[in-house]
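Peer 1: Dumping the structure here so I can ask a few things about it.
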Amino acid sequence: MPVFQAPTRDTRFVVNEVLDLEQYGHLPGFAAATRDLTDSVIEEAGRFVNEVVAPLNLSGDQEGCTRHPDGSVTTPKGFKEAYARYVEAGWGTLAAPEVHGGQGLPHVIGFVMEEFLASANQAFAMYPGLANGAISAISSKGSPEQQATYLPKMVSGEWLGTMNLTEPHCGTDLGLIRTRAEPQADGSYAITGTKIFISAGDNDLVENIIHLVLAKTPGAPESSKGISLFIVPKFLVNADGSLGDRNAVSVGSIEHKMGIHGNATCVMNYDGAKGWLVGEENKGLAAMFIMMNAARLGVGIQGHAQAEAAYQNALLYAQERRQGRALTGAAEPGQKADPLLVHPDVRRMLMDAKMFIGGMRALCLWGALQVDLSHKAATEEERQAADDLISLLTPVIKGYGTDMGYKTATDMQQVWGGHGYIAENGMDQFVRDARIAMIYEGANGVQAMDLVGRKLAQNGGRAIQRLFAMIDAACAEESADETVKLVAERLAKAAGHLKAATMWFLQNGMSNPNAIGAGAYAYMTLTGVVSLGLMWLRMARISAVALGTEGADTAFYEAKLLCARHWALRFAPQAGALRYEVEAGAETVMSMTAEQFAA
């Protein structure tokens, strides 16, 4: 059976030393986030997922969810009890606003719990995870009455929430949706239509589920400009907050999926269900992006979260499994064979994984800090800078993070050899569960186009220039440590390739839009490589200084420096190739005819 231990030591390093969360104690919401408190939350969160959530991962995958003849849905054995303990402990309230019953801590702390949950059991984590996006949308666009009616119980975890966007004939192109919203005399709307791929669409964990549904009102434009957003609860809510009649929304079926079997991904049928408009009519796209951006960051976390779980199991196997001898001679002559860990190719995969996971964890938690600072920094200039950076890098965190998360999970399965292909060993589940993160909340090709087609040019390229300035400043800092100097040198060179690719888009994109489309994915990957390098430069500097202090955790900090060197020597060189892929343009991609593809 697979093992899992939440990576609390590394998380404390990022939160306390890399981000230095205490330096923001003068800002709203940060005062309570002292080092003692954050350490306690991280350790207790780790203990909770280790003991309560992780043991349900394999069994939940094997059992899956069940739709019963009456249309009700039950989750795998143990999920309901684990979720009740999650709610009782208040884990879902960490970063939620105090006005609605949350603890008001920084998003950084909330992201820690999201990662731990996703590593321990991604299917389980998606139930509260999807509610976060719905809470964000209602908080931003909902009326005071809607917020008072729904948010306290959603924040507490007593109720959950979903996002209902996709329909059988349209996914990314939401302007094509057919779900209709007919206005009623009482100010509500009758919602009719079918939605598919709805994660956590129904369950037995809570007494009510608040669905946020995209639909079109009569006469709305037949495009994305005609989309409106509606609250459609599973059970209607009475004026006193008690539950009323069952709404006309039902589960048509549970999707048969490759992975995340413990999460009920549903076909949802709305048959004149009662709903209420959120925000303005025909302005649902803006509200949707509030949900989507929150969800995309959450999905980005899932990438390295699955990689972490897979890595732990691959490392344990490599330490225990004996096959062959070290290339330099028997490492353990008294045994018939050496552990897999002596073989360079096995170590290559494990080093790639350790470097990616540590770098991506830092990038995601740094991103969460930018979310906090975009709302709470002391000056408008600081708030704008943080918003620019997280807006720019959200598609990178989601796209590059999940691409690499899936690759890492597959590499960790490879460490197991043939035994990794046997289901009872659990490595296949990490691969299957990681795969969906590259697809949902906007497939990664869409993320790449969002980055290149929208984010680069916004505000005259202000965000990407901020990123370049940050990297240049980090590379220019002096250091006596040889690893830090190496990483700074290689990061500067990789950033140079990113700058050149950016300039190429600016010079060629307007005259040939297909050039942007053909190069967007390589550009997103290049930005991911460089962003990871920035995190590793920061971690290398901190680790080099820490090693000079009395009582330092030598093994930990030396491992950080080795990972930073690994990025510099084996990942930074990818930047040049990715730049040249961008500059190749669209010629070969767009020249072949449809008939030639089949030739």
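Residue numbering restarts at 1 for every chain of the structure tokens, chains are lettered A, B, ... in their displayed order, and ligands are numbered from 1 as they appear.
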Just want the 12 Å neighbourhood of A:Ser140, counted on only C-alpha atoms, with same-chain residues fewer than 4 positions away dropped. Output as a PyMOL selection string.

Peer 2: chain A and resi 97+133-136+144+146-147+151+278-279+286-291

Peer 1: Could you name the residues that touch A:Gly453 at 12 Å or less, counting only C-alpha atoms, but leaving out those on the same chain fewer than 3 positions away, as a list in words?

Peer 2: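 Residues meeting the cut-off are Leu392, Pro395, Gly445, Val446, Gln447, Ala448, Met449, Asp450, Leu456, Ala457, Gln458, Gly461, Thr502, Phe505, Leu506, Gly509, Met510, Pro513, Asn514, Ala515, Ile516, Gly517, Ala518, Gly519, Ala520, Tyr521, Tyr523 and Met524 of chain A.
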
Peer 1: Looking only at the backbone, which of the residues in stretch 197-424 of chain A does DSSP tag as strand (DSSP E or B), as number ranges by chain?

Peer 2: A: 197-198, 208-216, 228-233, 235-237, 243-246, 249-254, 266-278, 322, 339

Peer 1: So, counting only C-alpha atoms, which residue among A:Gly29, A:Gly359, A:Gly405, A:Gly399 is closest to A:Tyr440?

Peer 2: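 Closest candidate: A:Gly399.
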
Peer 1: Do you know which residues are at most 12 Å from A:Asp240 counting only C-alpha atoms, after dropping those on the same chain fewer than 6 positions away, and could you put them as a count of residues only?

Peer 2: 3

Peer 1: May I have a table of the residues of stretch 298-414 of chain A lying at most 8 Å from stretch 116-125 of chain A, giving each one's closest pair of atoms and their distance in Å to one decimal, counting only C-alpha atoms, ordered by chain and ascending residue number, as a tab-separated table?

Peer 2:
residue	atom	partner	partner_atom	distance
A:Ile301	CA	A:Ala118	CA	7.8
A:Gln302	CA	A:Ala118	CA	5.8
A:Ala305	CA	A:Ser119	CA	4.4
A:Gln306	CA	A:Ser119	CA	5.2
A:Ala307	CA	A:Ser119	CA	7.9
A:Glu308	CA	A:Ser119	CA	6.6
A:Ala309	CA	A:Ser119	CA	5.6

Peer 1: Do you have the atom CA of A:Pro76-atom CA of A:Met258 distance handy?

Peer 2: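 Calculated distance between atom CA of A:Pro76 and atom CA of A:Met258 is 16.6 Å.
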